[in-house]
Each structure stands twice: as C-alpha cells, then as structure tokens.
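K.L.:
This is the content of model.txt (compact mmCIF, C-alpha atoms and all ligand atoms):
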# COMPACT_ATOMS: atom_id res chain seq x y z
CA MET A 1 -3.76 95.14 -25.36
CA GLN A 2 -6.86 94.79 -23.18
CA GLY A 3 -7.18 95.11 -19.43
CA SER A 4 -7.46 91.36 -19.07
CA SER A 5 -4.21 90.54 -20.90
CA SER A 6 -0.80 90.44 -19.29
CA ARG A 7 0.36 93.44 -17.32
CA LEU A 8 3.84 92.41 -18.28
CA ASP A 9 3.23 93.76 -21.80
CA VAL A 10 2.31 97.29 -20.75
CA MET A 11 5.81 98.70 -20.46
CA ASN A 12 6.72 97.13 -23.82
CA PHE A 13 3.66 98.72 -25.37
CA LEU A 14 4.59 102.10 -23.97
CA ASN A 15 8.22 101.81 -25.09
CA GLU A 16 7.15 100.69 -28.54
CA MET A 17 4.76 103.62 -28.90
CA SER A 18 7.39 106.12 -27.74
CA GLY A 19 9.95 104.53 -30.10
CA ASN A 20 7.63 104.40 -33.11
CA PHE A 21 6.32 107.94 -32.66
CA PRO A 22 9.22 109.90 -31.16
CA ASN A 23 7.63 113.24 -32.03
CA ALA A 24 4.37 112.47 -30.26
CA ILE A 25 3.65 114.57 -27.18
CA SER A 26 3.64 112.11 -24.31
CA PHE A 27 1.18 112.25 -21.45
CA ALA A 28 1.92 108.57 -20.92
CA SER A 29 4.92 108.50 -18.66
CA GLY A 30 4.88 109.49 -14.99
CA ARG A 31 8.53 110.49 -14.91
CA PRO A 32 9.50 113.41 -12.69
CA THR A 33 10.59 116.65 -14.33
CA GLU A 34 14.32 116.93 -15.03
CA GLN A 35 14.27 120.69 -14.53
CA PHE A 36 15.51 120.51 -10.94
CA PHE A 37 17.90 117.61 -11.31
CA ALA A 38 21.31 118.64 -9.95
CA LEU A 39 23.22 115.38 -10.02
CA ALA A 40 26.70 116.91 -9.85
CA HIS A 41 25.71 118.94 -6.77
CA TRP A 42 23.99 115.93 -5.19
CA MET A 43 27.02 113.71 -5.80
CA ALA A 44 29.18 116.38 -4.20
CA GLN A 45 27.33 115.64 -0.91
CA PHE A 46 28.92 112.17 -0.81
CA PRO A 47 31.83 113.30 1.46
CA LEU A 48 29.32 114.80 3.90
CA PHE A 49 27.76 111.39 4.34
CA ALA A 50 31.17 109.70 4.45
CA ARG A 51 32.08 111.94 7.41
CA HIS A 52 28.75 111.16 9.12
CA PHE A 53 29.34 107.43 8.54
CA ALA A 54 32.96 107.65 9.72
CA ALA A 55 31.90 109.36 12.95
CA ALA A 56 29.11 106.85 13.58
CA HIS A 57 31.47 103.88 13.12
CA SER A 58 34.63 105.39 14.61
CA LEU A 59 36.46 105.18 11.30
CA SER A 60 38.80 107.51 9.47
CA GLU A 61 37.17 109.20 6.48
CA GLU A 62 39.34 107.18 4.12
CA ALA A 63 38.34 103.91 5.77
CA ALA A 64 34.68 104.98 5.65
CA VAL A 65 34.93 105.59 1.89
CA ASN A 66 36.43 102.13 1.46
CA VAL A 67 33.59 100.58 3.45
CA LEU A 68 31.07 102.52 1.34
CA SER A 69 32.73 101.17 -1.82
CA GLN A 70 32.21 97.59 -0.65
CA TYR A 71 29.24 95.25 -0.40
CA GLY A 72 27.23 96.47 2.54
CA ARG A 73 24.64 95.83 5.20
CA THR A 74 21.56 94.20 3.64
CA ASN A 75 19.06 96.45 5.43
CA GLY A 76 20.91 99.62 4.46
CA ILE A 77 23.01 102.36 6.00
CA ILE A 78 20.82 105.47 5.87
CA ASP A 79 17.97 104.11 8.01
CA ASP A 80 18.64 106.78 10.69
CA LEU A 81 18.37 109.59 8.12
CA ILE A 82 15.26 108.08 6.53
CA ALA A 83 13.59 107.81 9.95
CA ALA A 84 14.34 111.50 10.54
CA GLN A 85 13.14 112.55 7.05
CA VAL A 86 9.78 110.75 7.22
CA GLY A 87 9.33 112.20 10.70
CA LEU A 88 9.90 115.76 9.49
CA ASP A 89 8.15 115.51 6.12
CA GLU A 90 5.38 112.95 6.62
CA GLY A 91 4.69 112.98 10.36
CA ILE A 92 5.75 109.34 10.65
CA ALA A 93 7.28 108.34 13.98
CA CYS A 94 9.54 105.32 13.64
CA GLY A 95 12.92 104.02 14.74
CA ARG A 96 15.75 103.16 12.37
CA GLU A 97 15.36 99.47 13.29
CA GLN A 98 11.94 99.48 11.61
CA ILE A 99 13.42 100.35 8.19
CA ILE A 100 14.83 98.33 5.30
CA VAL A 101 16.41 100.38 2.50
CA THR A 102 15.58 98.99 -0.95
CA ALA A 103 16.53 99.44 -4.60
CA GLY A 104 13.64 101.78 -5.27
CA CYS A 105 10.15 101.27 -3.96
CA GLN A 106 9.76 98.66 -6.67
CA GLU A 107 12.10 96.31 -4.80
CA ALA A 108 10.18 96.96 -1.57
CA ILE A 109 7.01 95.85 -3.37
CA GLU A 110 8.72 92.72 -4.69
CA LEU A 111 10.15 91.85 -1.26
CA CYS A 112 6.86 92.37 0.57
CA LEU A 113 4.91 90.21 -1.87
CA ARG A 114 7.50 87.43 -1.74
CA ALA A 115 7.60 87.46 2.04
CA LEU A 116 3.90 87.84 2.76
CA PHE A 117 2.40 85.46 0.21
CA GLU A 118 3.08 81.91 1.28
CA SER A 119 0.15 79.81 0.19
CA GLU A 120 -1.93 79.51 -2.97
CA ARG A 121 -4.93 80.56 -0.87
CA ASP A 122 -3.40 84.00 -0.26
CA VAL A 123 -4.99 86.82 -2.23
CA LEU A 124 -3.79 90.38 -2.82
CA LEU A 125 -6.44 93.10 -2.81
CA VAL A 126 -6.00 96.29 -4.81
CA ARG A 127 -8.24 99.11 -5.94
CA SER A 128 -8.85 98.75 -9.65
CA PRO A 129 -7.35 100.47 -11.61
CA ALA A 130 -4.03 99.85 -9.81
CA TYR A 131 -0.36 100.66 -10.30
CA ILE A 132 1.07 98.08 -12.71
CA GLY A 133 4.18 97.67 -10.56
CA ILE A 134 2.10 95.79 -7.95
CA THR A 135 -0.26 93.81 -10.16
CA GLY A 136 2.60 92.97 -12.55
CA VAL A 137 4.79 91.59 -9.74
CA ALA A 138 1.81 89.63 -8.39
CA GLU A 139 1.32 88.17 -11.88
CA LEU A 140 5.01 87.22 -12.07
CA HIS A 141 4.64 85.25 -8.84
CA GLY A 142 1.27 83.71 -9.69
CA ILE A 143 -0.39 85.57 -6.80
CA GLU A 144 -4.16 85.91 -7.15
CA VAL A 145 -5.27 89.55 -7.24
CA ALA A 146 -8.78 90.73 -6.40
CA GLY A 147 -9.67 94.19 -7.70
CA LEU A 148 -11.98 96.63 -5.94
CA SER A 149 -13.57 98.50 -8.84
CA CYS A 150 -14.97 101.42 -6.94
CA ALA A 151 -14.78 105.13 -6.28
CA VAL A 152 -12.13 105.87 -3.69
CA ASP A 153 -14.73 106.64 -0.99
CA ASP A 154 -16.35 103.23 -1.43
CA THR A 155 -13.14 101.26 -0.85
CA LEU A 156 -14.21 99.86 2.53
CA ALA A 157 -17.61 98.65 1.32
CA PHE A 158 -16.02 96.92 -1.69
CA LEU A 159 -13.24 95.51 0.48
CA ARG A 160 -15.76 94.01 2.92
CA ALA A 161 -17.68 92.37 0.09
CA ALA A 162 -14.50 91.02 -1.54
CA VAL A 163 -13.18 89.64 1.76
CA GLU A 164 -16.49 87.94 2.48
CA ARG A 165 -16.52 86.37 -0.98
CA LEU A 166 -12.89 85.23 -0.77
CA GLU A 167 -13.34 83.76 2.72
CA GLY A 168 -16.42 81.93 1.43
CA GLU A 169 -14.20 80.39 -1.26
CA GLY A 170 -11.70 79.24 1.39
CA LYS A 171 -9.13 81.86 0.42
CA ARG A 172 -7.12 84.17 2.65
CA PRO A 173 -7.10 87.93 1.90
CA ARG A 174 -3.47 88.56 2.81
CA ALA A 175 -2.66 92.16 1.92
CA LEU A 176 -4.34 95.33 0.67
CA TYR A 177 -2.22 97.59 -1.55
CA LEU A 178 -3.13 101.28 -1.59
CA VAL A 179 -1.71 104.59 -2.81
CA PRO A 180 -3.75 106.80 -0.42
CA ASP A 181 -2.20 110.08 -1.62
CA PHE A 182 -2.61 111.01 -5.29
CA ASP A 183 -3.00 107.49 -6.54
CA ASN A 184 -1.29 106.23 -9.67
CA PRO A 185 -3.18 106.05 -12.04
CA THR A 186 -6.23 108.03 -10.87
CA GLY A 187 -4.88 110.90 -8.73
CA ALA A 188 -7.49 110.05 -6.06
CA VAL A 189 -6.96 110.65 -2.32
CA LEU A 190 -8.34 108.55 0.55
CA SER A 191 -9.97 110.67 3.24
CA ARG A 192 -8.72 110.49 6.81
CA ALA A 193 -11.96 108.82 7.91
CA ALA A 194 -11.61 106.18 5.16
CA ARG A 195 -7.99 105.54 6.20
CA LEU A 196 -9.02 104.97 9.82
CA GLU A 197 -11.92 102.67 8.86
CA LEU A 198 -9.71 100.63 6.53
CA ILE A 199 -7.08 100.25 9.26
CA ALA A 200 -9.73 99.06 11.73
CA PHE A 201 -11.16 96.54 9.26
CA CYS A 202 -7.77 95.26 8.07
CA SER A 203 -6.47 94.82 11.59
CA GLU A 204 -9.62 92.90 12.56
CA LYS A 205 -9.13 90.62 9.53
CA SER A 206 -5.31 90.34 9.86
CA ILE A 207 -4.84 91.91 6.43
CA THR A 208 -1.53 93.74 6.00
CA VAL A 209 -1.92 97.15 4.36
CA LEU A 210 0.87 98.05 1.92
CA GLU A 211 0.78 101.85 1.83
CA ASP A 212 2.74 103.11 -1.19
CA ASN A 213 3.43 106.84 -1.03
CA PRO A 214 5.64 108.20 -3.83
CA TYR A 215 3.52 111.33 -4.38
CA GLY A 216 2.61 112.48 -0.85
CA MET A 217 5.05 115.41 -0.91
CA PHE A 218 3.50 116.71 -4.13
CA ARG A 219 0.37 118.38 -2.80
CA TYR A 220 -0.73 121.49 -4.73
CA GLU A 221 -3.66 122.56 -2.55
CA GLY A 222 -5.71 121.48 0.46
CA GLU A 223 -4.70 120.16 3.84
CA PRO A 224 -2.35 117.18 4.03
CA ILE A 225 -3.80 113.98 5.47
CA ALA A 226 -1.63 111.83 7.74
CA PRO A 227 -0.27 108.68 6.10
CA MET A 228 -2.03 105.47 7.15
CA PHE A 229 1.19 104.34 8.81
CA ALA A 230 1.04 107.36 11.13
CA LEU A 231 -2.63 106.68 11.93
CA ASP A 232 -2.16 102.96 12.54
CA GLN A 233 -2.38 101.96 16.21
CA ALA A 234 -2.96 98.28 15.44
CA GLY A 235 0.29 97.50 13.61
CA CYS A 236 -1.20 96.48 10.29
CA VAL A 237 0.38 99.03 7.90
CA VAL A 238 3.72 98.64 6.10
CA TYR A 239 4.85 101.94 4.52
CA LEU A 240 6.63 101.94 1.16
CA GLY A 241 8.63 105.06 0.25
CA THR A 242 10.98 106.24 -2.46
CA TYR A 243 13.38 109.04 -3.38
CA SER A 244 12.62 108.59 -7.10
CA LYS A 245 10.24 111.54 -7.30
CA THR A 246 11.66 113.78 -4.57
CA ILE A 247 15.30 113.42 -5.74
CA CYS A 248 15.62 111.31 -8.89
CA PRO A 249 14.79 107.79 -10.12
CA ALA A 250 18.33 106.88 -11.21
CA LEU A 251 19.49 106.62 -7.59
CA ARG A 252 17.17 103.64 -7.11
CA VAL A 253 16.73 104.26 -3.41
CA GLY A 254 13.48 103.41 -1.70
CA PHE A 255 12.52 101.85 1.62
CA ALA A 256 9.96 99.91 3.61
CA ILE A 257 8.96 100.83 7.17
CA PHE A 258 7.45 98.13 9.34
CA PRO A 259 5.16 98.65 12.32
CA LYS A 260 6.77 98.18 15.74
CA GLN A 261 4.33 95.38 16.49
CA LEU A 262 2.87 93.73 13.42
CA GLY A 263 -0.62 92.59 14.40
CA GLY A 264 0.26 93.47 18.00
CA SER A 265 3.42 91.34 18.10
CA ALA A 266 7.02 92.55 18.01
CA GLU A 267 8.09 88.96 17.16
CA ARG A 268 5.94 89.05 14.04
CA THR A 269 7.66 92.25 12.91
CA GLN A 270 11.04 90.66 13.58
CA ALA A 271 10.08 87.54 11.63
CA LEU A 272 8.79 89.48 8.62
CA MET A 273 11.81 91.80 8.53
CA HIS A 274 14.16 88.85 8.90
CA LYS A 275 12.50 87.03 6.01
CA ILE A 276 12.59 90.15 3.81
CA SER A 277 16.22 90.70 4.68
CA GLN A 278 17.05 87.10 3.76
CA ILE A 279 15.30 87.45 0.40
CA LYS A 280 16.97 90.80 -0.28
CA SER A 281 20.41 89.39 0.51
CA LEU A 282 19.88 86.94 -2.35
CA LEU A 283 18.13 89.31 -4.76
CA THR A 284 20.27 92.47 -4.65
CA CYS A 285 22.69 91.85 -1.70
CA ASN A 286 22.21 95.43 -0.57
CA THR A 287 21.01 98.72 -2.02
CA SER A 288 23.90 100.55 -3.71
CA GLN A 289 25.87 102.21 -0.92
CA VAL A 290 27.02 104.92 -3.32
CA SER A 291 23.39 105.83 -4.02
CA GLN A 292 22.53 105.66 -0.33
CA ALA A 293 25.49 107.91 0.46
CA ILE A 294 24.31 110.48 -2.08
CA VAL A 295 20.79 110.45 -0.62
CA GLY A 296 22.28 110.52 2.89
CA GLY A 297 24.59 113.43 2.08
CA LEU A 298 21.73 115.36 0.54
CA LEU A 299 19.52 114.74 3.59
CA LEU A 300 22.33 115.92 5.87
CA SER A 301 22.85 119.05 3.77
CA GLU A 302 19.11 119.77 3.90
CA ASN A 303 18.90 119.36 7.69
CA GLY A 304 17.00 116.12 7.30
CA SER A 305 14.01 117.32 5.26
CA LEU A 306 13.28 117.29 1.53
CA LYS A 307 10.63 120.03 1.70
CA ARG A 308 12.93 122.77 0.45
CA LEU A 309 14.32 120.57 -2.30
CA VAL A 310 10.88 119.80 -3.81
CA GLU A 311 9.53 123.37 -3.63
CA GLY A 312 10.45 124.14 -7.24
CA SER A 313 9.01 120.93 -8.64
CA VAL A 314 5.82 121.29 -6.57
CA ASP A 315 5.28 124.73 -8.17
CA LEU A 316 6.07 123.39 -11.63
CA TYR A 317 3.69 120.42 -11.29
CA ARG A 318 0.94 122.67 -9.92
CA HIS A 319 1.33 124.96 -12.91
CA ASN A 320 1.30 121.99 -15.29
CA ARG A 321 -1.83 120.59 -13.65
CA ASP A 322 -3.57 123.97 -13.89
CA THR A 323 -2.54 124.32 -17.53
CA MET A 324 -3.86 120.86 -18.31
CA LEU A 325 -7.16 121.51 -16.49
CA ALA A 326 -7.61 124.82 -18.34
CA CYS A 327 -6.89 123.14 -21.69
CA LEU A 328 -9.30 120.29 -20.95
CA GLU A 329 -11.99 122.84 -20.06
CA GLU A 330 -11.34 124.80 -23.24
CA THR A 331 -11.20 121.73 -25.51
CA PHE A 332 -13.93 119.53 -24.08
CA LYS A 333 -16.52 121.92 -22.61
CA LYS A 334 -18.72 121.53 -25.68
CA TRP A 335 -19.22 117.87 -24.67
CA GLU A 336 -20.15 118.65 -21.09
CA GLY A 337 -21.94 115.71 -19.53
CA ARG A 338 -20.31 113.26 -21.92
CA ILE A 339 -16.63 113.92 -21.27
CA SER A 340 -15.32 114.48 -17.76
CA TRP A 341 -12.11 114.56 -15.77
CA ASN A 342 -10.99 114.87 -12.16
CA ARG A 343 -9.06 117.69 -10.50
CA PRO A 344 -6.30 116.01 -8.47
CA GLN A 345 -5.01 118.01 -5.51
CA GLY A 346 -1.52 116.66 -6.08
CA GLY A 347 0.54 113.96 -7.74
CA PHE A 348 1.38 113.45 -11.40
CA PHE A 349 -1.84 112.17 -13.01
CA LEU A 350 -5.43 112.87 -13.87
CA THR A 351 -8.12 110.73 -15.49
CA LEU A 352 -10.21 111.63 -18.52
CA SER A 353 -13.49 109.76 -19.22
CA LEU A 354 -14.71 109.56 -22.80
CA PRO A 355 -18.01 108.40 -24.32
CA PHE A 356 -16.17 105.78 -26.41
CA LYS A 357 -13.66 103.06 -25.57
CA PHE A 358 -10.02 104.10 -25.38
CA LEU A 359 -8.00 100.86 -25.50
CA GLY A 360 -4.60 99.94 -26.94
CA GLY A 361 -5.81 100.38 -30.55
CA GLU A 362 -7.14 103.87 -29.83
CA ALA A 363 -3.92 104.80 -28.00
CA ALA A 364 -1.91 103.64 -31.02
CA SER A 365 -4.02 105.54 -33.55
CA CYS A 366 -3.99 108.64 -31.33
CA ALA A 367 -0.16 108.50 -31.29
CA ARG A 368 0.18 107.68 -34.99
CA ASP A 369 -2.44 109.99 -36.48
CA TYR A 370 -2.59 112.83 -33.96
CA GLY A 371 0.87 112.78 -32.35
CA VAL A 372 -0.23 112.43 -28.75
CA LEU A 373 0.37 109.55 -26.39
CA ALA A 374 -1.84 108.66 -23.40
CA MET A 375 -2.27 105.53 -21.30
CA PRO A 376 -5.58 103.65 -21.50
CA LEU A 377 -6.80 103.12 -17.95
CA SER A 378 -7.75 99.59 -18.99
CA PHE A 379 -4.02 98.76 -18.81
CA PHE A 380 -4.22 99.25 -15.04
CA ALA A 381 -7.64 97.67 -14.54
CA LEU A 382 -8.67 94.19 -13.48
CA ASP A 383 -12.00 94.34 -15.30
CA GLU A 384 -13.59 96.32 -18.13
CA GLU A 385 -14.85 99.20 -15.99
CA GLN A 386 -12.09 101.54 -17.12
CA ASP A 387 -12.37 100.93 -20.86
CA TYR A 388 -13.62 104.48 -21.49
CA CYS A 389 -10.91 106.23 -19.51
CA LEU A 390 -7.33 107.32 -19.98
CA ARG A 391 -4.55 108.51 -17.71
CA LEU A 392 -2.91 111.85 -18.50
CA ALA A 393 0.45 112.48 -16.80
CA PHE A 394 1.44 116.15 -16.52
CA SER A 395 4.77 115.80 -14.67
CA ASN A 396 7.29 115.59 -17.50
CA VAL A 397 5.93 117.90 -20.18
CA THR A 398 6.07 121.68 -20.64
CA PRO A 399 2.96 123.90 -20.45
CA GLU A 400 3.38 124.67 -24.19
CA ARG A 401 3.40 120.95 -25.01
CA ILE A 402 0.39 120.43 -22.72
CA GLU A 403 -1.55 123.05 -24.70
CA GLU A 404 -0.54 121.54 -28.02
CA GLY A 405 -1.07 117.96 -26.81
CA ILE A 406 -4.56 118.52 -25.40
CA GLY A 407 -5.45 120.31 -28.64
CA ARG A 408 -4.32 117.22 -30.58
CA LEU A 409 -6.26 114.94 -28.23
CA GLY A 410 -9.28 117.15 -28.82
CA ARG A 411 -8.96 116.64 -32.60
CA PHE A 412 -8.74 112.86 -32.09
CA VAL A 413 -11.86 112.91 -29.90
CA GLU A 414 -13.69 115.20 -32.36
CA GLN A 415 -13.04 112.78 -35.19
CA ARG A 416 -14.17 109.79 -33.10
CA MET A 417 -17.30 111.56 -31.92
CA ALA A 418 -18.19 112.33 -35.54
CA THR A 419 -18.13 108.68 -36.66
CA PRO A 420 -21.64 107.15 -36.94
CA ALA A 421 -20.72 104.15 -34.72
CA GLU A 422 -19.79 106.40 -31.83
CA ARG A 423 -22.89 108.54 -32.24
CA ALA A 424 -25.12 105.45 -32.28
CA ALA A 425 -23.46 104.16 -29.10
CA ASP A 426 -24.31 107.29 -27.10
C1 LIG B 1 2.66 104.11 -7.14
C2 LIG B 1 4.09 103.84 -7.44
N1 LIG B 1 4.77 103.00 -6.66
C3 LIG B 1 6.07 102.73 -6.88
C4 LIG B 1 6.74 103.28 -7.93
C5 LIG B 1 8.19 102.88 -8.18
O1 LIG B 1 9.05 103.72 -7.58
P1 LIG B 1 10.62 103.45 -7.58
O2 LIG B 1 11.22 104.27 -8.66
O3 LIG B 1 11.03 103.90 -6.23
O4 LIG B 1 10.87 101.99 -7.77
C6 LIG B 1 6.08 104.18 -8.79
C7 LIG B 1 6.77 104.76 -9.93
O5 LIG B 1 6.25 105.43 -10.75
C8 LIG B 1 4.71 104.45 -8.53
O6 LIG B 1 3.99 105.28 -9.29
Would you put the structure from the file into structure tokens?
Ligand SMILES: Cc1ncc(COP(=O)(O)O)c(C=O)c1O
P.N.:
Amino acid sequence: MQGSSSRLDVMNFLNEMSGNFPNAISFASGRPTEQFFALAHWMAQFPLFARHFAAAHSLSEEAAVNVLSQYGRTNGIIDDLIAAQVGLDEGIACGREQIIVTAGCQEAIELCLRALFESERDVLLVRSPAYIGITGVAELHGIEVAGLSCAVDDTLAFLRAAVERLEGEGKRPRALYLVPDFDNPTGAVLSRAARLELIAFCSEKSITVLEDNPYGMFRYEGEPIAPMFALDQAGCVVYLGTYSKTICPALRVGFAIFPKQLGGSAERTQALMHKISQIKSLLTCNTSQVSQAIVGGLLLSENGSLKRLVEGSVDLYRHNRDTMLACLEETFKKWEGRISWNRPQGGFFLTLSLPFKFLGGEAASCARDYGVLAMPLSFFALDEEQDYCLRLAFSNVTPERIEEGIGRLGRFVEQRMATPAERAAD
C-alpha cells in the first residue's frame, strides 16, 4: 500500500498484519491503555444520571429510566454536562444549545463533511500527513482533499498558497481540518500564534476550521495552549471532541460544538446545526442514550471534570513516551544525523525518520521477520513526502514491550542499513 492508494485499505492492512503476526509487538494502534478501564464502576453511575435526568424533566426515576431506554433526542441529552466539562477542562465557553452529541468523534467528522460540502467545487484542506478518519471519509464521499505538506509552523504559508491555487482553479476551499494538540499521526502542536493567524485567515476566506481534539487532555509537559475554538472571535471554528480516550472507546460518545455565530451569523449556525441534526436523525437516529447516561453519570460523579479520571493514564503515557525516547536514543544514536525522531509533549504518537523508505512492504517484513509492527506515515500522507517516516504509538504497550520492540526495530533498521542498495542511496 502506497500513500496514493485508497485510505480505505489502511485499516484492513493493519488488521491483517495484527492477525497474521499476533505475537508482534504493536506500535501501530493508537488505542488507549486498558489499565484504568473501570467499566463496572462507570456503569454503576447510570442511576446518578437517571436521577439528574428525572429532576430536569420532572419525571419519576422509573419513568426517566424508561425514557433513557427509548429512542431519544437527536442532538443528545448530556449537552449540559459536556458544556460544563469542556469549560472546566479545556477553557471552552459554550452553551448547551451549541452542542450535538455524536456516536464518537468519527460520526461528528462524517456529519460535518456531509453538511458542509455541497458542491463539487468544495475542497477540504488538511495538513499532510493527516488522520485517516478524515481523509478516508472525504474519499468515501468523493470530496477533493488538498494536503499541506509542511512543518506545523508553516501551516499558514502553505494554506495561503493552496487557497490561492484552488481559487485560481475556480474551486472553493470549504474547510480546514486540524488536530492542533498532539496531532495524529505526528504528535505536533500548533503554537498559540499560529492558531490565531489561522483563525484570522480562515475567517477572512470563509473557511470553516474543524478542530479535532481527542488528545488535548494528555499533556505530559509544557504549558497548555487554548483550543482554537476558545480563541475564535470570528465564529469560524467547529470543535470536535470525544470521550474515547478520556473514558473509553466502546462508549462511542463524542460531540461537535458550533460557534454561536458561524461567520458572524447566528442564522448560519442554526442552519448548519439543523442540517447536521437532520442527517444524524437518518444515520444513527441518536447517540446511544445508555452510553450518554454512563458518560453523564461519570461526569456528575466527578463534579463535571475528567481531570482526576485521566491522571493515572497521563502518568502512564508520559512514562511510556519517556521509555520510548530513551530506547530510541540508545538504539539509534549511532546513526545520528541520519535517523531522527520528535519529542511530543503529549498525545499517543511520535514520528521516526529513516534514511530508507518505510512503506507497506517494509512494515510487513518488519512484522514478519522482526516481530514489530509500526505504521508507515505514507498511509496518512497525500504525497510521497512521508515515505521515509513511520508512526510509533506508545499508548497501548508496556514499557517492557517498548524496550523489546524498539530493540527489534533497531535490528530491522541495522539489517536494512547494511544492504548495499541502502548504502548507495545515502
Ligand atoms: C485525531 C482523531 N480524531 C478522531 C478519532 C476518533 O475518535 P472516536 O473514537 O471518538 O470516534 C481518533 C481516534 O483515534 C483520532 O485519532
């Protein structure tokens, strides 16, 4: 599989690799750790939410449980608790009426693309490499995607050039998708200044920013930077959130938050939310009310914030990241200048750059012959710029397995570096 081929094959490739080489150490999947999952305890918070819901709707608790067991409101029933949580944890000020609860962030992505992209002239802009969940959905809908293949700090310059080119071709840059905090796949962070400049440019050009933030609460060092949604005065940012990493993915609860006045107009916000709600009512009817009630109960039991709940996993991920960085240093220092990696301040991923191509074939031979699985960055890319890089996820693997896995990766690299073709290509 090359970067240019279908994104729809990536998950199959990953599943096939994991299935064929079950003993391989996987740095491929960005799943959260299971160490702090407490599903029985979380489910036990259901009655707490039922009481909250009963009081809010003047129902008996029994009647509330019956309502929760039914089909429900399309836009969701925990919007008030989500508004409070993002206020406490992310510094986002919003009202419950600005929120639509979705079946994971993935549904929010799907809904936004369906609602925003109306004409064949509309183009989606992403940084390349980009999360496959956005480029894959765009591909499913035949939406043209333009990639900005640049370092994170150069996003605005590349965006300007891409917008100018697209406008020259008679196209309409419609939305810019970004993961400003601890990007998947690169781990990169957009500076506050870059966020403000991008907001100014996008509002001037009527480009909607889709800010996806699954990893913002997983910062291991450094000062937090306000989400773009919180910095946006112009009404051009839609915020996409999820409880998949902070609680667990199986709940499938995410959400989208819309600006009060999209492009300066409350009617535009109303129209977009109405359209999204219509589409959602046909796609999934509503987000599981049982799942929402579990999230809601947990939020109530935690006084509205998830900070305490993620403390353990933040420490675990920090330790995993540090272990991986130390192992990379130990294993690859002899190739200094030829092999490099970044030091993400948070999130689940880092990027390793090699002096030879690491594509699907290399990933397969690495898994088969060396027992270690990593994702070629080309899978996420829109051009060939990432052919020499791979993504290493450190979220769902123990420190012991990280040590062993990086050692195995080192032996794979050693063997490749020793082959005459690789030496000649230096
Ligand atoms: C950047 C990004 N956005 C969205 C998602 C999907 O999240 P959810 O489980 O809420 O659908 C993921 C999952 O890994 C992700 O990395």
K.L.:
If you count all atoms listed in the file, which residues end up within 6 Å of ligand LIG 1 (chain B), as a ChimeraX atom specification?
P.N.:
/A:104-106,131,184,212,214,242,244,249,254
K.L.:
How would you write as a PyMOL selection string the residues that get within 12 Å of (-7.8, 99.2, 6.2) in the file's frame, counting only C-alpha atoms?
P.N.:
chain A and resi 125-126+155-160+163+174-178+180+190+192-211+228-229+231-238
K.L.:
Of the candidates A:Ile294, A:Leu88, A:Leu283, A:Leu116, which one gets nearest to A:Val253 if we count all atoms listed in the file?
P.N.:
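With all atoms listed in the file as the atom set, the closest residue is A:Ile294.
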K.L.:
Pick out the residues sitting within 12 Å of A:Ala266, and hand them over as a VMD selection string; count all atoms listed in the file, and ignore anything fewer than 4 positions along from it in its own chain.
P.N.:
chain A and resid 97 to 98 234 to 236 258 to 262 270 to 273
K.L.:
How many Å lie between atom CA of A:Pro376 and atom CA of A:Gly136, rounded to one decimal?
P.N.:
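Here the two named atoms are 16.2 Å from each other.
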